[in-house]
file model.csv (CSV, C-alpha atoms)
chain,number,residue,atom,x,y,z
A,1,MET,CA,-6.2,18.6,-10.8
A,2,THR,CA,-9.3,20.5,-12.0
A,3,LYS,CA,-11.4,17.4,-11.8
A,4,THR,CA,-10.2,16.6,-8.3
A,5,LEU,CA,-11.0,20.2,-7.3
A,6,LEU,CA,-14.5,19.9,-8.7
A,7,LEU,CA,-15.0,16.6,-6.9
A,8,VAL,CA,-13.8,18.0,-3.6
A,9,LEU,CA,-16.2,20.8,-4.2
A,10,VAL,CA,-19.1,18.4,-4.6
A,11,LEU,CA,-18.1,16.5,-1.6
A,12,ALA,CA,-17.9,19.7,0.4
A,13,LEU,CA,-21.5,20.2,-0.5
A,14,LEU,CA,-22.4,16.9,1.0
A,15,VAL,CA,-21.2,17.8,4.5
A,16,GLY,CA,-24.2,19.9,5.5
A,17,CYS,CA,-26.7,17.4,4.3
A,18,GLY,CA,-26.6,15.1,7.3
A,19,GLY,CA,-27.1,11.3,7.1
A,20,TRP,CA,-24.9,9.3,4.8
A,21,GLN,CA,-23.6,12.4,3.1
A,22,SER,CA,-22.0,13.7,6.2
A,23,VAL,CA,-20.4,10.3,7.0
A,24,HIS,CA,-19.0,9.7,3.5
A,25,ALA,CA,-18.0,13.2,2.4
A,26,PRO,CA,-14.8,13.5,4.5
A,27,ILE,CA,-13.8,9.9,3.6
A,28,ALA,CA,-14.5,10.3,-0.1
A,29,SER,CA,-12.7,13.6,-0.1
A,30,SER,CA,-9.6,12.2,1.6
A,31,LEU,CA,-9.6,9.2,-0.7
A,32,MET,CA,-9.8,11.4,-3.8
A,33,GLU,CA,-7.0,13.5,-2.5
A,34,ALA,CA,-4.9,10.4,-1.8
A,35,SER,CA,-5.6,9.1,-5.3
A,36,SER,CA,-4.7,12.4,-6.9
A,37,SER,CA,-1.5,13.1,-5.0
A,38,GLY,CA,-0.5,9.4,-5.2
A,39,GLU,CA,-0.7,9.5,-9.0
A,40,THR,CA,1.5,12.6,-9.0
A,41,ILE,CA,4.0,11.0,-6.6
A,42,LEU,CA,4.3,7.8,-8.7
A,43,ARG,CA,4.4,9.6,-12.1
A,44,GLU,CA,7.0,12.0,-11.0
A,45,ALA,CA,9.1,9.3,-9.4
A,46,ARG,CA,8.9,7.2,-12.5
A,47,VAL,CA,10.0,10.1,-14.7
A,48,GLU,CA,12.9,10.9,-12.4
A,49,SER,CA,14.0,7.3,-12.3
A,50,MET,CA,13.9,7.0,-16.1
A,51,ARG,CA,15.8,10.3,-16.4
A,52,SER,CA,18.5,9.3,-14.0
A,53,GLY,CA,18.8,5.8,-15.4
A,54,GLY,CA,19.1,7.1,-18.9
A,55,GLN,CA,21.5,9.8,-18.0
A,56,ALA,CA,23.8,7.3,-16.2
A,57,ALA,CA,23.8,5.1,-19.3
A,58,ARG,CA,24.7,8.2,-21.4
A,59,ASP,CA,27.4,9.3,-19.0
A,60,SER,CA,29.1,5.9,-19.1
A,61,GLY,CA,29.3,6.2,-22.9
A,62,GLY,CA,26.2,4.3,-23.8
A,63,ASP,CA,24.7,4.8,-27.3
A,64,ASP,CA,21.0,5.5,-27.9
A,65,THR,CA,20.2,1.8,-27.7
A,66,ALA,CA,21.8,1.6,-24.3
A,67,VAL,CA,20.1,4.7,-23.0
A,68,ARG,CA,16.7,3.5,-24.3
A,69,ALA,CA,17.3,0.2,-22.5
A,70,ALA,CA,18.2,1.9,-19.3
A,71,VAL,CA,15.1,4.1,-19.5
A,72,GLU,CA,12.9,1.2,-20.2
A,73,ALA,CA,14.4,-0.8,-17.3
A,74,ALA,CA,13.7,2.1,-15.0
A,75,ALA,CA,10.1,2.3,-16.2
A,76,ALA,CA,9.7,-1.4,-15.7
A,77,GLY,CA,10.3,-0.9,-12.0
A,78,PHE,CA,7.1,1.1,-11.8
A,79,GLU,CA,4.8,-1.4,-13.5
A,80,CYS,CA,3.8,-3.0,-10.2
A,81,PRO,CA,3.0,0.1,-8.1
A,82,VAL,CA,1.3,1.9,-11.0
A,83,ALA,CA,-0.9,-1.1,-11.9
A,84,ALA,CA,-1.8,-1.6,-8.2
A,85,PHE,CA,-2.4,2.1,-7.6
A,86,ASN,CA,-4.6,2.3,-10.7
A,87,VAL,CA,-6.8,-0.4,-9.0
A,88,PHE,CA,-7.0,1.8,-6.0
A,89,ALA,CA,-7.7,5.0,-8.0
A,90,GLY,CA,-10.3,3.2,-10.1
A,91,ARG,CA,-12.2,1.9,-7.1
A,92,VAL,CA,-12.1,5.2,-5.3
A,93,HIS,CA,-13.4,6.8,-8.4
A,94,ALA,CA,-16.2,4.2,-8.5
A,95,TYR,CA,-17.0,4.8,-4.9
A,96,VAL,CA,-17.2,8.6,-5.4
A,97,ARG,CA,-19.2,8.1,-8.6
A,98,GLU,CA,-21.8,6.2,-6.7
A,99,LEU,CA,-22.0,8.8,-4.0
A,100,VAL,CA,-22.5,11.6,-6.6
A,101,ALA,CA,-25.0,9.5,-8.6
A,102,ALA,CA,-27.0,8.9,-5.5
A,103,LEU,CA,-26.9,12.6,-4.6
A,104,ALA,CA,-27.9,13.7,-8.1
A,105,GLU,CA,-30.7,11.0,-8.4
A,106,GLU,CA,-31.9,11.7,-4.9
A,107,ARG,CA,-31.6,8.1,-3.7
A,108,GLU,CA,-29.6,6.0,-1.2
A,109,PRO,CA,-26.3,4.8,-2.5
A,110,ASP,CA,-25.9,1.1,-3.3
A,111,TRP,CA,-24.2,0.1,-0.1
A,112,SER,CA,-23.1,-3.4,-1.2
A,113,ARG,CA,-21.4,-1.9,-4.2
A,114,ILE,CA,-19.7,0.7,-2.0
A,115,ILE,CA,-18.4,-1.9,0.4
A,116,LEU,CA,-17.0,-3.8,-2.6
A,117,ASP,CA,-15.3,-0.7,-4.0
A,118,LEU,CA,-13.8,0.3,-0.8
A,119,SER,CA,-12.5,-3.2,-0.1
A,120,ALA,CA,-10.9,-3.4,-3.5
A,121,ALA,CA,-9.5,0.1,-3.2
A,122,LEU,CA,-7.8,-0.7,0.1
A,123,GLU,CA,-6.4,-3.9,-1.4
A,124,GLY,CA,-5.0,-2.0,-4.4
A,125,TYR,CA,-3.5,0.6,-2.1
A,126,ARG,CA,-1.8,-2.1,0.0
A,127,ALA,CA,-0.5,-3.9,-3.1
A,128,ALA,CA,1.0,-0.6,-4.4
A,129,ASP,CA,2.5,0.2,-1.1
A,130,ALA,CA,4.1,-3.3,-0.9
A,131,CYS,CA,5.9,-3.0,-4.2
A,132,THR,CA,7.4,0.5,-3.9
A,133,ASP,CA,9.6,2.3,-1.4
A,134,LEU,CA,7.9,5.6,-2.2
A,135,ASP,CA,5.8,7.2,0.6
A,136,LEU,CA,2.3,7.0,-0.7
A,137,PRO,CA,-0.3,9.4,0.7
A,138,ALA,CA,-1.9,8.2,4.0
A,139,LEU,CA,-5.4,7.0,3.8
A,140,PRO,CA,-8.2,8.2,6.0
A,141,ALA,CA,-9.3,5.8,8.8
A,142,LEU,CA,-12.5,4.1,7.9
A,143,PRO,CA,-15.1,3.6,10.6
A,144,GLU,CA,-14.8,0.4,12.6
A,145,GLY,CA,-16.8,-2.5,11.2
A,146,TRP,CA,-17.2,-1.1,7.7
A,147,LEU,CA,-15.0,-3.6,5.9
B,1,MET,CA,-32.1,16.1,-2.4
B,2,SER,CA,-34.3,19.1,-3.2
B,3,ASP,CA,-33.0,22.3,-4.8
B,4,ASP,CA,-33.6,24.1,-1.6
B,5,VAL,CA,-31.4,21.7,0.3
B,6,VAL,CA,-28.6,22.2,-2.2
B,7,ALA,CA,-28.8,25.9,-1.9
B,8,GLU,CA,-29.0,25.8,1.8
B,9,THR,CA,-26.1,23.4,2.0
B,10,ALA,CA,-24.0,25.5,-0.4
B,11,ALA,CA,-24.7,28.6,1.8
B,12,ASN,CA,-23.7,26.7,4.9
B,13,VAL,CA,-20.4,25.5,3.4
B,14,LEU,CA,-19.6,28.9,2.1
B,15,ALA,CA,-20.4,30.6,5.4
B,16,SER,CA,-17.8,28.6,7.2
B,17,ALA,CA,-14.1,28.3,6.3
B,18,GLY,CA,-14.0,25.5,9.0
B,19,SER,CA,-16.1,23.4,6.7
B,20,LEU,CA,-13.0,22.8,4.5
B,21,ALA,CA,-11.2,21.2,7.4
B,22,ALA,CA,-14.3,19.2,8.2
B,23,VAL,CA,-14.2,17.5,4.8
B,24,GLY,CA,-10.5,16.8,5.2
B,25,VAL,CA,-9.4,19.2,2.5
B,26,PRO,CA,-5.6,19.7,2.9
B,27,GLY,CA,-3.9,23.1,2.7
B,28,PRO,CA,-3.1,23.9,-0.9
B,29,ILE,CA,-6.3,22.3,-2.3
B,30,GLY,CA,-8.3,23.8,0.6
B,31,ALA,CA,-7.2,27.3,-0.5
B,32,VAL,CA,-8.4,26.8,-4.1
B,33,VAL,CA,-11.6,25.1,-3.0
B,34,GLY,CA,-12.5,28.3,-1.3
B,35,ALA,CA,-12.4,30.1,-4.6
B,36,ALA,CA,-14.4,27.3,-6.3
B,37,LEU,CA,-17.0,27.5,-3.6
B,38,GLY,CA,-17.2,31.2,-4.3
B,39,ILE,CA,-17.9,30.4,-8.0
B,40,LEU,CA,-20.6,28.0,-7.0
B,41,ALA,CA,-22.2,30.5,-4.7
B,42,SER,CA,-22.3,32.9,-7.6
B,43,ILE,CA,-24.0,30.2,-9.7
B,44,VAL,CA,-26.6,29.6,-7.0
B,45,ARG,CA,-27.2,33.3,-6.6
B,46,SER,CA,-27.4,34.1,-10.2
B,47,VAL,CA,-29.3,31.3,-11.8
B,48,GLY,CA,-30.9,29.6,-8.8
B,49,PRO,CA,-30.4,26.3,-6.9
B,50,GLY,CA,-31.5,24.3,-10.0
B,51,ARG,CA,-28.2,25.2,-11.6
B,52,ALA,CA,-26.4,23.7,-8.6
B,53,VAL,CA,-28.1,20.4,-9.2
B,54,LYS,CA,-27.2,20.6,-12.9
B,55,VAL,CA,-23.5,21.1,-11.9
B,56,LEU,CA,-23.7,18.0,-9.8
B,57,ARG,CA,-25.1,16.1,-12.8
B,58,GLU,CA,-22.3,17.4,-15.0
B,59,LEU,CA,-19.7,16.3,-12.5
B,60,LYS,CA,-21.2,12.9,-12.5
B,61,VAL,CA,-20.5,12.7,-16.2
B,62,GLN,CA,-16.9,13.8,-15.6
B,63,LEU,CA,-16.5,10.9,-13.1
B,64,GLU,CA,-16.9,8.6,-16.0
B,65,GLU,CA,-13.4,9.5,-17.2
B,66,GLU,CA,-10.6,6.9,-16.7
B,67,PRO,CA,-8.9,7.3,-13.3
B,68,GLY,CA,-5.2,6.5,-12.5
B,69,ILE,CA,-2.1,6.8,-14.6
B,70,THR,CA,-3.0,5.7,-18.1
B,71,ARG,CA,-0.7,3.8,-20.6
B,72,GLU,CA,-0.8,6.9,-22.8
B,73,GLU,CA,0.5,9.1,-20.1
B,74,MET,CA,3.3,6.7,-19.2
B,75,ASP,CA,4.3,6.4,-22.9
B,76,ALA,CA,4.3,10.2,-23.2
B,77,ASP,CA,6.5,10.5,-20.1
B,78,MET,CA,8.9,8.0,-21.5
B,79,ALA,CA,9.0,9.7,-24.9
B,80,ALA,CA,9.7,13.1,-23.2
B,81,VAL,CA,12.6,11.6,-21.2
B,82,LEU,CA,14.1,10.0,-24.3
B,83,LEU,CA,13.9,13.2,-26.1
B,84,GLU,CA,15.6,15.0,-23.2
B,85,LEU,CA,18.4,12.5,-23.4
B,86,GLY,CA,18.7,13.0,-27.1
B,87,VAL,CA,17.5,9.6,-28.1
B,88,GLU,CA,16.1,9.7,-31.6
B,89,GLY,CA,13.0,7.8,-32.8

call {"tool": "encode", "arguments": {"input": "model.csv", "output": "structure tokens"}}
result
Amino acid sequence: MTKTLLLVLVLALLVGCGGWQSVHAPIASSLMEASSSGETILREARVESMRSGGQAARDSGGDDTAVRAAVEAAAAGFECPVAAFNVFAGRVHAYVRELVAALAEEREPDWSRIILDLSAALEGYRAADACTDLDLPALPALPEGWL
Amino acid sequence: MSDDVVAETAANVLASAGSLAAVGVPGPIGAVVGAALGILASIVRSVGPGRAVKVLRELKVQLEEEPGITREEMDADMAAVLLELGVEG
């Protein structure tokens, strides 16, 4: 949370700079927020699913082995969305990292890398969304023709 | 970006609460970002814009941390649930 806050702070600084900073700051900020809140949503849902699965096994008279098996089964249901969402989060992170690096080093971002990161981020997000019923955070609209 | 631009930009952002909406910061985070911006303003005022650039560089380092939900976090969550349910070991 603290890290996200600091990143949003940096991105807020970009807005007044004009040029690429103004274009990318709101998008990067929204993507970082989606990444952070999506992680929270998935993690909490996974915990709740494990808890209710394990409790149901316990309530029906299951021993520790049965409860553990129920918890592990519930966790297994989150392998797909978590793995895919981690791809999204990782690529968003890489995108923001490049923006911040460009800012700190007073240079233009590597645009080809940014396009690759954003494409992979969207792909990861769609994959995560496809294998969960959870409502993942909405993504910002990217300017037409970017990807 | 020069130190002067950083300072001027920080001042602009701080001067306008509307800037938070402009960067797409949602409500709860937007509220705390306001406080964080205040801290940055203090840094800029007290030690100069060069410090603001240093903050950016420090944040760049923080960005090297692993994003997403790690295996360690997932294992810790499972261990906590099992403990709650009284499963030993």

call {"tool": "atom_distance", "arguments": {"input": "model.csv", "atom1": "CA of Gly54 (chain A)", "atom2": "CA of Leu83 (chain B)"}}
result
10.8 Å

call {"tool": "residues_around", "arguments": {"input": "model.csv", "residues": "Asp77 (chain B)", "least_positions_apart": "2", "cutoff": "12 Å", "atoms": "all atoms listed in the file", "output": "ChimeraX atom specification"}}
result
/A:42-51,71-72,75 /B:69-75,79-84

call {"tool": "closest_residue", "arguments": {"input": "model.csv", "among": "A:Cys80, A:Leu134, A:Met32, A:Ala89", "to": "chain B", "atoms": "all atoms listed in the file"}}
result
A:Ala89

call {"tool": "atom_distance", "arguments": {"input": "model.csv", "atom1": "CA of Gly124 (chain A)", "atom2": "CA of Ala28 (chain A)"}}
result
16.1 Å

call {"tool": "atom_distance", "arguments": {"input": "model.csv", "atom1": "CA of Glu79 (chain A)", "atom2": "CA of Leu136 (chain A)"}}
result
15.5 Å

call {"tool": "closest_residue", "arguments": {"input": "model.csv", "among": "A:Asn86, A:Ser37, A:Ser112, A:Ser119", "to": "chain B", "atoms": "only C-alpha atoms"}}
result
A:Asn86

call {"tool": "closest_residue", "arguments": {"input": "model.csv", "among": "A:Ala66, A:Val100, A:Ile27, A:Ala84", "to": "Ala121 (chain A)", "atoms": "only C-alpha atoms"}}
result
A:Ala84

call {"tool": "closest_residue", "arguments": {"input": "model.csv", "among": "A:Pro137, A:Pro26, A:Gly53, A:Gly19", "to": "chain B", "atoms": "all atoms listed in the file"}}
result
A:Pro26

call {"tool": "closest_residue", "arguments": {"input": "model.csv", "among": "A:Phe85, A:Ser52, A:Arg68, A:Ala34", "to": "Thr132 (chain A)", "atoms": "only C-alpha atoms"}}
result
A:Phe85

call {"tool": "residues_around", "arguments": {"input": "model.csv", "residues": "Ala120 (chain A)", "least_positions_apart": "4", "cutoff": "8 Å", "atoms": "all atoms listed in the file", "output": "PyMOL selection string"}}
result
chain A and resi 87-88+91+116+124
